Amino acid sequence: MKFIFFWMLLNLSVALAFDPDITKGVSTPYLVYLKSDYLPCAGVLIHPLWVLTAAHCNLPKLSVMLGVSNPSNPKEKHVQEVGFEKMIHHSGFLITAIYHDLMLIKLKQNIQLNEYTALVSLPREPAPENSTCMVSTWAYSICEITKDPTSLQHVNISVISPNQCRDAYKTLSIKDNVMCVGIVPGRRQPCKEVTAAPAVCNGTLQGILAMADGCVLRADVGIYTRVLNYVSWIENVIQNN
């Protein structure tokens, strides 16, 4: 009986880790790993001196890491690690809500741009419904959920309509400053991933994950801050700081 139970555990981790929607080996040089003493977050490099992420991220003793595929590997090559100068939350953000969930982080020095670290473009027009977006973040090993995530993963999923999103999140008010990306209805399979995943559609940053009931790497519907609505705020913050 003990042998059967042990065999089931080994195969359970493999089964939960696999999903046909997930792809690896895709280049996302704009993705930033925000390591802290609490929980990490994903960010995106939008300027050699600025990273955009979600305001809900709590990042004590933050270290900004770029060019990272496996955060649990301290010997990984091509990683740039820098400190930060300041964090600027959107003034409309409230910890009890999902709206205006954006934060800018000013770095202490300009990042060296190369094959492994590059900028992502801000949007100038919205992503249409049904357009495909690549959502990227880091996933944890099923058996080692208390350690750093072990793999960078990506999933290609579509922008859905506000009505479809309301069907997935019946208790929330879906406003114009958010967008929803995923499959309806969400599958809500168990996994653990790094929050604040970006949605990049046709090479342009369209969303930063504000919340998800489930896991976006499993294509569950996520609610993303619509970056297009905040481009003026982003540009003003950068210009004035």
# chains A, B, ... in the order shown; residues from 1 in each chain; ligands from 1

call {"tool": "residues_around", "arguments": {"residues": "Asp37 in chain A", "least_positions_apart": "5", "cutoff": "8 Å", "atoms": "only C-alpha atoms", "output": "number ranges by chain"}}
result
A: 59-62

call {"tool": "select_by_dssp", "arguments": {"residues": "range 7-226 of chain A", "states": "helix (DSSP H, G or I)", "output": "list in words"}}
result
Trp7, Met8, Leu9, Leu10, Asn11, Leu12, Ser13, Val14, Ala15, Leu16, Ala17, Pro162, Asn163, Gln164, Cys165, Arg166, Asp167, Ala168, Val216, Leu217 and Arg218 of chain A

call {"tool": "closest_residue", "arguments": {"among": "A:Ile174, A:Ala210, A:Asp167, A:Leu34", "to": "Thr96 in chain A", "atoms": "only C-alpha atoms"}}
result
A:Ala210

call {"tool": "residues_around", "arguments": {"residues": "Tyr116 in chain A", "least_positions_apart": "2", "cutoff": "12 Å", "atoms": "only C-alpha atoms", "output": "list in words"}}
result
Val26, Ser27, Thr28, Pro29, Tyr30, Leu31, Val32, Leu45, Met65, Leu66, Gly67, Val68, Ser69, Lys77, His78, Val79, Gln80, Ile111, Gln112, Leu113, Asn114, Ala118 and Leu119 of chain A

call {"tool": "atom_distance", "arguments": {"atom1": "CA of His56 in chain A", "atom2": "CA of Tyr99 in chain A"}}
result
10.2 Å

call {"tool": "select_by_dssp", "arguments": {"residues": "range 197-235 of chain A", "states": "strand (DSSP E)", "output": "PyMOL selection string"}}
result
chain A and resi 198-201+204-212+222-226

call {"tool": "write_last_selection", "arguments": {"atoms": "N, CA, C and O atoms", "output": "mmCIF file, in the first residue's frame"}}
result
data_model
loop_
_atom_site.group_PDB
_atom_site.id
_atom_site.type_symbol
_atom_site.label_atom_id
_atom_site.label_comp_id
_atom_site.auth_asym_id
_atom_site.auth_seq_id
_atom_site.Cartn_x
_atom_site.Cartn_y
_atom_site.Cartn_z
ATOM 1 N N PRO A 198 2.114 39.750 -17.443
ATOM 2 C CA PRO A 198 1.721 40.649 -18.520
ATOM 3 C C PRO A 198 1.043 39.901 -19.669
ATOM 4 O O PRO A 198 1.346 38.738 -19.931
ATOM 5 N N ALA A 199 0.143 40.598 -20.343
ATOM 6 C CA ALA A 199 -0.469 40.095 -21.566
ATOM 7 C C ALA A 199 0.046 40.946 -22.725
ATOM 8 O O ALA A 199 -0.211 42.160 -22.773
ATOM 9 N N VAL A 200 0.783 40.322 -23.638
ATOM 10 C CA VAL A 200 1.359 41.018 -24.784
ATOM 11 C C VAL A 200 0.654 40.521 -26.042
ATOM 12 O O VAL A 200 0.670 39.327 -26.342
ATOM 13 N N CYS A 201 0.024 41.453 -26.760
ATOM 14 C CA CYS A 201 -0.786 41.107 -27.923
ATOM 15 C C CYS A 201 -0.182 41.770 -29.158
ATOM 16 O O CYS A 201 -0.019 43.005 -29.179
ATOM 17 N N THR A 204 2.688 44.079 -28.381
ATOM 18 C CA THR A 204 2.423 45.281 -27.585
ATOM 19 C C THR A 204 1.855 44.902 -26.226
ATOM 20 O O THR A 204 0.980 44.043 -26.131
ATOM 21 N N LEU A 205 2.329 45.564 -25.173
ATOM 22 C CA LEU A 205 1.823 45.309 -23.828
ATOM 23 C C LEU A 205 0.415 45.872 -23.698
ATOM 24 O O LEU A 205 0.214 47.074 -23.778
ATOM 25 N N GLN A 206 -0.539 44.989 -23.469
ATOM 26 C CA GLN A 206 -1.932 45.428 -23.338
ATOM 27 C C GLN A 206 -2.467 45.284 -21.914
ATOM 28 O O GLN A 206 -3.387 46.013 -21.534
ATOM 29 N N GLY A 207 -1.931 44.357 -21.135
ATOM 30 C CA GLY A 207 -2.498 44.141 -19.810
ATOM 31 C C GLY A 207 -1.478 43.692 -18.786
ATOM 32 O O GLY A 207 -0.474 43.069 -19.121
ATOM 33 N N ILE A 208 -1.755 44.037 -17.523
ATOM 34 C CA ILE A 208 -1.017 43.526 -16.363
ATOM 35 C C ILE A 208 -2.036 42.847 -15.457
ATOM 36 O O ILE A 208 -3.039 43.464 -15.072
ATOM 37 N N LEU A 209 -1.799 41.599 -15.118
ATOM 38 C CA LEU A 209 -2.779 40.827 -14.353
ATOM 39 C C LEU A 209 -3.078 41.463 -13.002
ATOM 40 O O LEU A 209 -2.177 41.697 -12.198
ATOM 41 N N ALA A 210 -4.358 41.717 -12.764
ATOM 42 C CA ALA A 210 -4.808 42.231 -11.479
ATOM 43 C C ALA A 210 -5.310 41.108 -10.580
ATOM 44 O O ALA A 210 -5.038 41.093 -9.379
ATOM 45 N N MET A 211 -6.047 40.157 -11.166
ATOM 46 C CA MET A 211 -6.510 39.011 -10.379
ATOM 47 C C MET A 211 -6.941 37.888 -11.306
ATOM 48 O O MET A 211 -7.261 38.106 -12.482
ATOM 49 N N ALA A 212 -6.955 36.678 -10.761
ATOM 50 C CA ALA A 212 -7.445 35.510 -11.498
ATOM 51 C C ALA A 212 -7.957 34.492 -10.499
ATOM 52 O O ALA A 212 -7.306 34.231 -9.487
ATOM 53 N N GLY A 222 -8.358 35.682 -16.625
ATOM 54 C CA GLY A 222 -7.756 36.658 -15.737
ATOM 55 C C GLY A 222 -8.285 38.044 -16.041
ATOM 56 O O GLY A 222 -8.651 38.351 -17.182
ATOM 57 N N ILE A 223 -8.324 38.881 -15.004
ATOM 58 C CA ILE A 223 -8.699 40.280 -15.167
ATOM 59 C C ILE A 223 -7.416 41.102 -15.156
ATOM 60 O O ILE A 223 -6.629 41.048 -14.203
ATOM 61 N N TYR A 224 -7.196 41.848 -16.218
ATOM 62 C CA TYR A 224 -5.953 42.592 -16.413
ATOM 63 C C TYR A 224 -6.230 44.094 -16.435
ATOM 64 O O TYR A 224 -7.237 44.534 -17.016
ATOM 65 N N THR A 225 -5.371 44.873 -15.825
ATOM 66 C CA THR A 225 -5.442 46.319 -15.986
ATOM 67 C C THR A 225 -5.180 46.653 -17.448
ATOM 68 O O THR A 225 -4.197 46.201 -18.032
ATOM 69 N N ARG A 226 -6.060 47.440 -18.039
ATOM 70 C CA ARG A 226 -5.934 47.800 -19.458
ATOM 71 C C ARG A 226 -4.884 48.908 -19.579
ATOM 72 O O ARG A 226 -5.159 50.085 -19.318
#

call {"tool": "closest_residue", "arguments": {"among": "A:Ala196, A:Val181, A:Cys165, A:Met103", "to": "Trp233 in chain A", "atoms": "only C-alpha atoms"}}
result
A:Met103

call {"tool": "closest_residue", "arguments": {"among": "A:Ser232, A:Asn58, A:Ser36, A:Ser141", "to": "Lys192 in chain A", "atoms": "only C-alpha atoms"}}
result
A:Ser141

call {"tool": "closest_residue", "arguments": {"among": "A:Leu102, A:Asn130, A:Ser151, A:Asn156", "to": "His90 in chain A", "atoms": "only C-alpha atoms"}}
result
A:Leu102

call {"tool": "closest_atom_pairs", "arguments": {"of": "range 116-203 of chain A", "to": "range 71-76 of chain A", "cutoff": "12 Å", "atoms": "only C-alpha atoms", "output": "JSON lines"}}
result
{"residue": "A:Thr137", "atom": "CA", "partner": "A:Pro71", "partner_atom": "CA", "distance": 11.3}
{"residue": "A:Trp138", "atom": "CA", "partner": "A:Pro71", "partner_atom": "CA", "distance": 8.4}
{"residue": "A:Ala139", "atom": "CA", "partner": "A:Pro71", "partner_atom": "CA", "distance": 10.0}
{"residue": "A:Tyr140", "atom": "CA", "partner": "A:Ser72", "partner_atom": "CA", "distance": 9.6}
{"residue": "A:Ser141", "atom": "CA", "partner": "A:Ser72", "partner_atom": "CA", "distance": 10.4}
{"residue": "A:Glu144", "atom": "CA", "partner": "A:Ser72", "partner_atom": "CA", "distance": 10.7}
{"residue": "A:Ile145", "atom": "CA", "partner": "A:Ser72", "partner_atom": "CA", "distance": 11.6}
{"residue": "A:Thr146", "atom": "CA", "partner": "A:Ser72", "partner_atom": "CA", "distance": 11.2}
{"residue": "A:Lys147", "atom": "CA", "partner": "A:Ser72", "partner_atom": "CA", "distance": 7.5}
{"residue": "A:Asp148", "atom": "CA", "partner": "A:Ser72", "partner_atom": "CA", "distance": 5.0}
{"residue": "A:Pro149", "atom": "CA", "partner": "A:Pro71", "partner_atom": "CA", "distance": 6.0}
{"residue": "A:Thr150", "atom": "CA", "partner": "A:Ser72", "partner_atom": "CA", "distance": 5.6}
{"residue": "A:Ser151", "atom": "CA", "partner": "A:Pro71", "partner_atom": "CA", "distance": 7.6}
{"residue": "A:Leu152", "atom": "CA", "partner": "A:Pro71", "partner_atom": "CA", "distance": 8.7}
{"residue": "A:Val194", "atom": "CA", "partner": "A:Pro71", "partner_atom": "CA", "distance": 11.1}

call {"tool": "write_last_selection", "arguments": {"atoms": "all heavy atoms", "output": "short mmCIF file (atom, residue, chain, number, x, y, z; two decimals), in the first residue's frame"}}
result
data_model
loop_
_atom_site.label_atom_id
_atom_site.label_comp_id
_atom_site.auth_asym_id
_atom_site.auth_seq_id
_atom_site.Cartn_x
_atom_site.Cartn_y
_atom_site.Cartn_z
N THR A 137 4.67 34.15 -17.27
CA THR A 137 5.10 34.30 -15.88
C THR A 137 5.85 33.03 -15.48
O THR A 137 6.05 32.12 -16.28
CB THR A 137 3.93 34.59 -14.93
OG1 THR A 137 4.45 34.96 -13.65
CG2 THR A 137 3.00 33.39 -14.77
N TRP A 138 6.28 32.99 -14.22
CA TRP A 138 7.04 31.84 -13.73
C TRP A 138 6.14 30.90 -12.94
O TRP A 138 5.25 31.34 -12.22
CB TRP A 138 8.19 32.31 -12.84
CG TRP A 138 9.28 33.00 -13.60
CD1 TRP A 138 10.39 32.45 -14.16
CD2 TRP A 138 9.37 34.41 -13.89
NE1 TRP A 138 11.16 33.40 -14.77
CE2 TRP A 138 10.56 34.61 -14.62
CE3 TRP A 138 8.56 35.51 -13.59
CZ2 TRP A 138 10.96 35.87 -15.05
CZ3 TRP A 138 8.94 36.76 -14.03
CH2 TRP A 138 10.14 36.94 -14.76
N ALA A 139 6.38 29.60 -13.10
CA ALA A 139 5.60 28.58 -12.41
C ALA A 139 6.47 27.86 -11.39
O ALA A 139 7.69 27.73 -11.58
CB ALA A 139 5.03 27.58 -13.40
N TYR A 140 5.84 27.41 -10.33
CA TYR A 140 6.52 26.66 -9.28
C TYR A 140 6.40 25.16 -9.53
O TYR A 140 5.41 24.69 -10.08
CB TYR A 140 5.90 26.97 -7.92
CG TYR A 140 6.15 28.35 -7.41
CD1 TYR A 140 5.39 29.43 -7.86
CD2 TYR A 140 7.12 28.60 -6.45
CE1 TYR A 140 5.61 30.72 -7.38
CE2 TYR A 140 7.35 29.88 -5.96
CZ TYR A 140 6.59 30.93 -6.44
OH TYR A 140 6.81 32.19 -5.97
N SER A 141 7.40 24.44 -9.09
CA SER A 141 7.30 22.99 -9.07
C SER A 141 6.19 22.59 -8.10
O SER A 141 6.05 23.18 -7.03
CB SER A 141 8.63 22.38 -8.64
OG SER A 141 8.47 21.01 -8.32
N GLU A 144 7.59 21.70 -4.70
CA GLU A 144 8.43 22.64 -3.97
C GLU A 144 7.84 24.04 -4.04
O GLU A 144 8.47 25.00 -4.45
CB GLU A 144 9.85 22.64 -4.56
CG GLU A 144 10.56 21.32 -4.43
CD GLU A 144 11.94 21.35 -5.04
OE1 GLU A 144 12.15 22.06 -6.04
OE2 GLU A 144 12.83 20.68 -4.50
N ILE A 145 6.60 24.15 -3.56
CA ILE A 145 5.87 25.41 -3.72
C ILE A 145 6.39 26.50 -2.80
O ILE A 145 6.03 27.66 -2.96
CB ILE A 145 4.36 25.20 -3.50
CG1 ILE A 145 4.09 24.65 -2.09
CG2 ILE A 145 3.79 24.28 -4.56
CD1 ILE A 145 2.62 24.58 -1.75
N THR A 146 7.21 26.20 -1.82
CA THR A 146 7.71 27.23 -0.91
C THR A 146 9.01 27.85 -1.41
O THR A 146 9.47 28.83 -0.84
CB THR A 146 7.94 26.65 0.50
OG1 THR A 146 8.91 25.59 0.40
CG2 THR A 146 6.66 26.10 1.07
N LYS A 147 9.62 27.30 -2.45
CA LYS A 147 10.88 27.82 -2.96
C LYS A 147 10.62 28.75 -4.14
O LYS A 147 9.50 29.04 -4.51
CB LYS A 147 11.78 26.66 -3.37
CG LYS A 147 12.15 25.74 -2.21
CD LYS A 147 13.09 24.63 -2.66
CE LYS A 147 13.46 23.72 -1.50
NZ LYS A 147 14.39 22.63 -1.93
N ASP A 148 11.71 29.26 -4.72
CA ASP A 148 11.57 30.10 -5.91
C ASP A 148 10.97 29.30 -7.05
O ASP A 148 11.16 28.09 -7.14
CB ASP A 148 12.94 30.63 -6.34
CG ASP A 148 13.44 31.73 -5.42
OD1 ASP A 148 12.61 32.53 -4.95
OD2 ASP A 148 14.65 31.78 -5.16
N PRO A 149 10.26 29.96 -7.97
CA PRO A 149 9.72 29.25 -9.13
C PRO A 149 10.86 28.69 -9.97
O PRO A 149 11.98 29.21 -9.97
CB PRO A 149 8.94 30.34 -9.87
CG PRO A 149 9.52 31.62 -9.40
CD PRO A 149 9.94 31.39 -7.99
N THR A 150 10.55 27.65 -10.72
CA THR A 150 11.60 26.93 -11.43
C THR A 150 11.55 27.08 -12.93
O THR A 150 12.50 26.72 -13.62
CB THR A 150 11.51 25.42 -11.10
OG1 THR A 150 10.18 24.96 -11.40
CG2 THR A 150 11.80 25.16 -9.64
N SER A 151 10.45 27.61 -13.50
CA SER A 151 10.39 27.67 -14.96
C SER A 151 9.57 28.86 -15.43
O SER A 151 8.53 29.20 -14.86
CB SER A 151 9.80 26.38 -15.53
OG SER A 151 8.45 26.22 -15.13
N LEU A 152 10.05 29.48 -16.50
CA LEU A 152 9.32 30.53 -17.18
C LEU A 152 8.41 29.88 -18.22
O LEU A 152 8.87 29.09 -19.04
CB LEU A 152 10.31 31.48 -17.86
CG LEU A 152 9.73 32.57 -18.76
CD1 LEU A 152 8.77 33.45 -17.98
CD2 LEU A 152 10.85 33.40 -19.36
N VAL A 194 3.67 33.03 -10.43
CA VAL A 194 4.02 34.38 -9.98
C VAL A 194 2.98 35.37 -10.51
O VAL A 194 2.63 35.34 -11.69
CB VAL A 194 5.43 34.74 -10.45
CG1 VAL A 194 5.76 36.20 -10.09
CG2 VAL A 194 6.45 33.81 -9.82
#

call {"tool": "atom_distance", "arguments": {"atom1": "CA of Gly182 in chain A", "atom2": "CA of Tyr169 in chain A"}}
result
12.4 Å

call {"tool": "closest_atom_pairs", "arguments": {"of": "range 43-104 of chain A", "to": "range 176-179 of chain A", "cutoff": "12 Å", "atoms": "only C-alpha atoms", "output": "tab-separated table"}}
result
residue	atom	partner	partner_atom	distance
A:Gly92	CA	A:Asn177	CA	11.7
A:Ala97	CA	A:Val178	CA	11.9
A:Ile98	CA	A:Val178	CA	8.7
A:Tyr99	CA	A:Asn177	CA	7.2
A:His100	CA	A:Asn177	CA	7.5
A:Asp101	CA	A:Val178	CA	9.4
A:Leu102	CA	A:Asn177	CA	11.3

call {"tool": "write_last_selection", "arguments": {"atoms": "N, CA and C atoms", "output": "JSON list (two decimals), in the first residue's frame"}}
result
[["chain", "number", "residue", "atom", "x", "y", "z"],
["A", 92, "GLY", "N", -5.10, 56.06, -7.78],
["A", 92, "GLY", "CA", -6.46, 55.54, -7.64],
["A", 92, "GLY", "C", -6.54, 54.12, -7.12],
["A", 97, "ALA", "N", -9.71, 46.72, -4.01],
["A", 97, "ALA", "CA", -10.34, 46.71, -5.33],
["A", 97, "ALA", "C", -9.35, 46.22, -6.38],
["A", 98, "ILE", "N", -9.84, 46.01, -7.59],
["A", 98, "ILE", "CA", -8.98, 45.51, -8.66],
["A", 98, "ILE", "C", -8.64, 46.59, -9.68],
["A", 99, "TYR", "N", -9.08, 47.81, -9.46],
["A", 99, "TYR", "CA", -8.93, 48.85, -10.46],
["A", 99, "TYR", "C", -7.69, 49.71, -10.22],
["A", 100, "HIS", "N", -7.15, 50.28, -11.30],
["A", 100, "HIS", "CA", -5.94, 51.13, -11.27],
["A", 100, "HIS", "C", -4.76, 50.37, -10.65],
["A", 101, "ASP", "N", -4.69, 49.08, -10.92],
["A", 101, "ASP", "CA", -3.70, 48.21, -10.26],
["A", 101, "ASP", "C", -2.37, 48.25, -11.03],
["A", 102, "LEU", "N", -1.72, 49.41, -10.98],
["A", 102, "LEU", "CA", -0.44, 49.59, -11.65],
["A", 102, "LEU", "C", 0.56, 50.27, -10.73]]

call {"tool": "residues_around", "arguments": {"residues": "Ile105 in chain A", "least_positions_apart": "4", "cutoff": "10 Å", "atoms": "only C-alpha atoms", "output": "compact mmCIF listing (two decimals) with all heavy atoms, in the first residue's frame"}}
result
# COMPACT_ATOMS: atom_id res chain seq x y z
N GLY A 43 7.19 41.66 -13.73
CA GLY A 43 7.14 43.03 -14.20
C GLY A 43 7.56 43.07 -15.66
O GLY A 43 7.96 42.05 -16.23
N LEU A 45 9.78 45.53 -18.59
CA LEU A 45 10.70 46.64 -18.81
C LEU A 45 10.15 47.52 -19.94
O LEU A 45 10.08 47.09 -21.09
CB LEU A 45 12.08 46.10 -19.18
CG LEU A 45 13.23 47.12 -19.22
CD1 LEU A 45 13.51 47.67 -17.83
CD2 LEU A 45 14.49 46.48 -19.80
N LEU A 49 15.13 52.54 -17.58
CA LEU A 49 15.19 52.89 -16.17
C LEU A 49 13.89 52.59 -15.42
O LEU A 49 13.79 52.86 -14.23
CB LEU A 49 15.51 54.39 -16.05
CG LEU A 49 16.22 54.91 -14.80
CD1 LEU A 49 17.55 54.18 -14.57
CD2 LEU A 49 16.46 56.41 -14.90
N TRP A 50 12.88 52.01 -16.12
CA TRP A 50 11.57 51.85 -15.49
C TRP A 50 10.97 50.47 -15.77
O TRP A 50 11.01 49.98 -16.90
CB TRP A 50 10.60 52.92 -16.00
CG TRP A 50 10.93 54.30 -15.51
CD1 TRP A 50 11.77 55.20 -16.11
CD2 TRP A 50 10.43 54.93 -14.33
NE1 TRP A 50 11.82 56.35 -15.38
CE2 TRP A 50 11.01 56.22 -14.28
CE3 TRP A 50 9.56 54.53 -13.32
CZ2 TRP A 50 10.73 57.11 -13.25
CZ3 TRP A 50 9.28 55.42 -12.29
CH2 TRP A 50 9.87 56.70 -12.26
N VAL A 51 10.35 49.92 -14.72
CA VAL A 51 9.62 48.65 -14.79
C VAL A 51 8.17 48.91 -14.41
O VAL A 51 7.88 49.65 -13.46
CB VAL A 51 10.25 47.61 -13.84
CG1 VAL A 51 9.37 46.37 -13.73
CG2 VAL A 51 11.64 47.23 -14.31
N LEU A 52 7.25 48.29 -15.14
CA LEU A 52 5.83 48.39 -14.84
C LEU A 52 5.36 47.06 -14.27
O LEU A 52 5.67 45.99 -14.81
CB LEU A 52 5.04 48.72 -16.10
CG LEU A 52 3.52 48.90 -15.94
CD1 LEU A 52 3.21 50.13 -15.11
CD2 LEU A 52 2.85 49.01 -17.32
N THR A 53 4.59 47.13 -13.17
CA THR A 53 4.04 45.92 -12.56
C THR A 53 2.70 46.27 -11.93
O THR A 53 2.13 47.34 -12.18
CB THR A 53 5.02 45.32 -11.53
OG1 THR A 53 4.51 44.05 -11.08
CG2 THR A 53 5.23 46.24 -10.35
N VAL A 64 15.58 43.64 -8.39
CA VAL A 64 15.05 43.57 -9.74
C VAL A 64 16.00 42.73 -10.59
O VAL A 64 17.19 43.03 -10.70
CB VAL A 64 14.91 44.98 -10.34
CG1 VAL A 64 14.35 44.91 -11.75
CG2 VAL A 64 14.01 45.84 -9.45
N PHE A 84 16.62 49.45 -6.83
CA PHE A 84 15.62 50.41 -7.30
C PHE A 84 15.70 51.69 -6.48
O PHE A 84 16.20 51.70 -5.36
CB PHE A 84 14.21 49.81 -7.20
CG PHE A 84 13.67 49.72 -5.81
CD1 PHE A 84 12.79 50.67 -5.32
CD2 PHE A 84 14.06 48.68 -4.96
CE1 PHE A 84 12.31 50.60 -4.02
CE2 PHE A 84 13.57 48.58 -3.67
CZ PHE A 84 12.70 49.55 -3.20
N GLU A 85 15.22 52.75 -7.08
CA GLU A 85 15.23 54.07 -6.44
C GLU A 85 13.92 54.41 -5.78
O GLU A 85 13.87 54.94 -4.68
CB GLU A 85 15.60 55.13 -7.47
CG GLU A 85 15.76 56.53 -6.92
CD GLU A 85 16.20 57.52 -7.97
OE1 GLU A 85 17.18 57.20 -8.69
OE2 GLU A 85 15.56 58.58 -8.10
N LYS A 86 12.81 54.09 -6.46
CA LYS A 86 11.49 54.41 -5.91
C LYS A 86 10.41 53.55 -6.55
O LYS A 86 10.58 53.03 -7.66
CB LYS A 86 11.15 55.89 -6.10
CG LYS A 86 11.08 56.33 -7.54
CD LYS A 86 10.66 57.80 -7.67
CE LYS A 86 11.76 58.75 -7.25
NZ LYS A 86 11.38 60.16 -7.51
N MET A 87 9.29 53.41 -5.82
CA MET A 87 8.09 52.75 -6.33
C MET A 87 6.98 53.79 -6.34
O MET A 87 6.78 54.49 -5.34
CB MET A 87 7.67 51.57 -5.46
CG MET A 87 8.67 50.46 -5.36
SD MET A 87 7.99 49.10 -4.34
CE MET A 87 9.44 48.07 -4.14
N ILE A 88 6.23 53.86 -7.43
CA ILE A 88 5.15 54.84 -7.55
C ILE A 88 3.86 54.11 -7.91
O ILE A 88 3.70 53.59 -9.02
CB ILE A 88 5.48 55.90 -8.62
CG1 ILE A 88 6.79 56.62 -8.25
CG2 ILE A 88 4.33 56.90 -8.75
CD1 ILE A 88 7.26 57.60 -9.30
N HIS A 89 2.93 54.04 -6.94
CA HIS A 89 1.63 53.42 -7.17
C HIS A 89 0.70 54.41 -7.87
O HIS A 89 0.79 55.63 -7.67
CB HIS A 89 0.98 53.01 -5.84
CG HIS A 89 1.70 51.92 -5.13
ND1 HIS A 89 2.92 52.09 -4.51
CD2 HIS A 89 1.35 50.62 -4.92
CE1 HIS A 89 3.30 50.96 -3.95
NE2 HIS A 89 2.36 50.05 -4.19
N ILE A 238 7.21 59.01 -15.71
CA ILE A 238 8.59 58.88 -16.18
C ILE A 238 9.20 60.25 -16.43
O ILE A 238 10.35 60.54 -16.06
CB ILE A 238 8.65 58.00 -17.44
CG1 ILE A 238 8.29 56.54 -17.08
CG2 ILE A 238 10.02 58.07 -18.10
CD1 ILE A 238 8.20 55.62 -18.28

call {"tool": "atom_distance", "arguments": {"atom1": "CA of Val120 in chain A", "atom2": "CA of Cys215 in chain A"}}
result
23.3 Å
